[in-house]
Number of protein chains: 2
Amino acid sequence: MSRYDQNIFRNYLADYTTIDSKDWSQIIACFHPKEVKAGTLLLEEGKICRHVYFLESGLLRYFVWKDGQDVTKFFTHPPYCFTSQRSFNTEQPARESIEALQDSYVWEMSRADSLRLLELKTWNNFVLKLVQEVQFFTERILEDLQNETAEQRYRRMIAEGSPLLQKVPLKHLASYLGIAPQSLSRIRKKIYEHART
Amino acid sequence: MSRYDQNIFRNYLADYTTIDSKDWSQIIACFHPKEVKAGTLLLEEGKICRHVYFLESGLLRYFVWKDGQDVTKFFTHPPYCFTSQRSFNTEQPARESIEALQDSYVWEMSRADSLRLLELKTWNNFVLKLVQEVQFFTERILEDLQNETAEQRYRRMIAEGSPLLQKVPLKHLASYLGIAPQSLSRIRKKIYEHART
DNA sequence: ATACGTTCTTAACATAGGTGCAGTAGGCTA
DNA sequence: TAGCCTACTGCACCTATGTTAAGAACGTAT
């Protein structure tokens with residue numbers, strides 16, 4: 001696993017928009033490397049999110065506290081550009097925390113730089129596409145949630161070969177699916193029993 | 001109810017971004033008025049959405065066909081700027097239809113004009129904010145769906161004084177809440193019984 | 001007026017998808 | 001060695017919602 005390889009970021013951006021060397025140097029100049037050890041928080045609930053991040057490697061988990069329980073909202077795997085959108089845009093305290101599940105390499109950009117960089121057409125274009133993409137993802141999750149049970153969603157993760165299955169503890173997977181760990185166990189049992197026969 | 005009052009649109013935009021007369025004339029030049037009678041479709045599932053719309057007055061309903069059933073996804077009330085995002089951006093057939101529940105006055109802009117207008121900084125700025133806002137809404141709906149039952153969501157609509165309660169037939173409200181009309185009736189009965197005591 | 005379709009309500013009953021508790025087992029850390 | 005956490009399993013139980021079936025209220029067309 002390479003660390004701090006700018007090309008990962010650049011290639012990632014190139015998937016969204018064409019980007020020349022001049023744009024790229026402007027963009028990368030705004031980002032600074034930051035290492036996040038497994039188990040530590042990149043963002044803590046209640047604090048204001050003041051950065052835009054790019055995840056180069058590792059794995060992150062968004063979660064909230066709900067009735068004294070740690071509830072996993074979703075995961076971010078590399079390469080991905082993200083922030084705590086609501087907190088970042090409104091400058092209000094974040095409702096969720098972001099935890100590294102594995103040692104992660106991220107690049108971060110300050111709010112001030114972010115606002116400045118939006119003047120750059122290439123970046124502006126990228127951001128718009130990214131936000132639309134996030135919107136599509138959210139809609140997709142919403143749809144799945146309405147149409148499928150936790151079991152069906154878990155089966156689909158398997159069918160789609162989600163890399164999360166190998167990397168995420170089952171307790172987090174369970175809360176991500178919206179069920180108790182016992183229920184996930186039962187589902188797993190059912191699936192593997194059937195698979196054997 | 002005034003018809004085709006450009007000021008409604010302009011004031012709406014002003015809530016997102018400052019807008020001078022020159023910008024405004026460029027923007028409004030791209031939009032053309034269109035009346036949608038109650039009960040008719042602004043967009044039909046399977047067709048490609050080729051416009052951006054602004055809803056000046058009336059009420060719209062997004063719905064999809066799912067297992068031979070008409071399922072309401074959400075409603076749009078004025079003033080609001082919208083489109084079938086996925087279809088519009090990807091030029092793929094829309095998965096949902098948009099129906100007018102009341103006689104509605106909308107303004108429409110072609111795809112070509114939309115792309116051109118994005119070059120205008122004011123408009124670009126507005127679009128980015130709008131897409132972020134839509135993302136917030138979707139996230140909020142997702143959260144509610146995970147945390148609340150249909151009954152709780154219906155109660156909250158009442159508590160928040162949603163205007164939909166007066167305007168939308170209960171059958172659509174039921175499918176919007178994700179339950180059968182009978183179930184909504186049961187919930188309503190329960191609420192009103194309790195309210196009386 | 002009458003008849004018809006649609007929407008909404010009510011009731012009895014069924015059920016899927018989940019919870020909670022309790023006990024067991026394996027692995028890691030101190 | 002003990003202690004702790006995670007995961008698995010069996011069982012009883014719950015509850016939100018579906019299903020079915022019937023009737024009431026309302027508007028519209030004939």
# chains A, B, ... in the order shown; residues from 1 in each chain; ligands from 1
call {"tool": "residues_around", "arguments": {"residues": "C:DC13", "least_positions_apart": "4", "cutoff": "12 Å", "atoms": "only C-alpha atoms (C1' of nucleotides)", "output": "list in words"}}
result
DG18, DT19, DT20 and DA21 of chain D
call {"tool": "interface_residues", "arguments": {"of": "chain B", "to": "chain D", "cutoff": "9 Å", "atoms": "only C-alpha atoms (C1' of nucleotides)", "output": "list of chain:residue names"}}
result
B:Thr149, B:Ala150, B:Ile179, B:Ala180, B:Ser183
call {"tool": "interface_residues", "arguments": {"of": "chain C", "to": "chain B", "cutoff": "10 Å", "atoms": "only C-alpha atoms (C1' of nucleotides)", "output": "list in words"}}
result
DT7, DC8, DT9 and DT10 of chain C
call {"tool": "interface_residues", "arguments": {"of": "chain B", "to": "chain A", "cutoff": "7 Å", "atoms": "only C-alpha atoms", "output": "PyMOL selection string"}}
result
chain B and resi 128+131-132+135+138-139+142
call {"tool": "select_by_dssp", "arguments": {"residues": "stretch 20-83 of chain B", "states": "strand (DSSP E)", "output": "VMD selection string"}}
result
chain B and resid 32 to 36 41 to 43 51 to 57 60 to 66 69 to 76 80 to 82
call {"tool": "residues_around", "arguments": {"residues": "B:Ser104", "least_positions_apart": "3", "cutoff": "12 Å", "atoms": "only C-alpha atoms (C1' of nucleotides)", "output": "ChimeraX atom specification"}}
result
/B:1-4,33-42,53-61,76-79,98-101,107
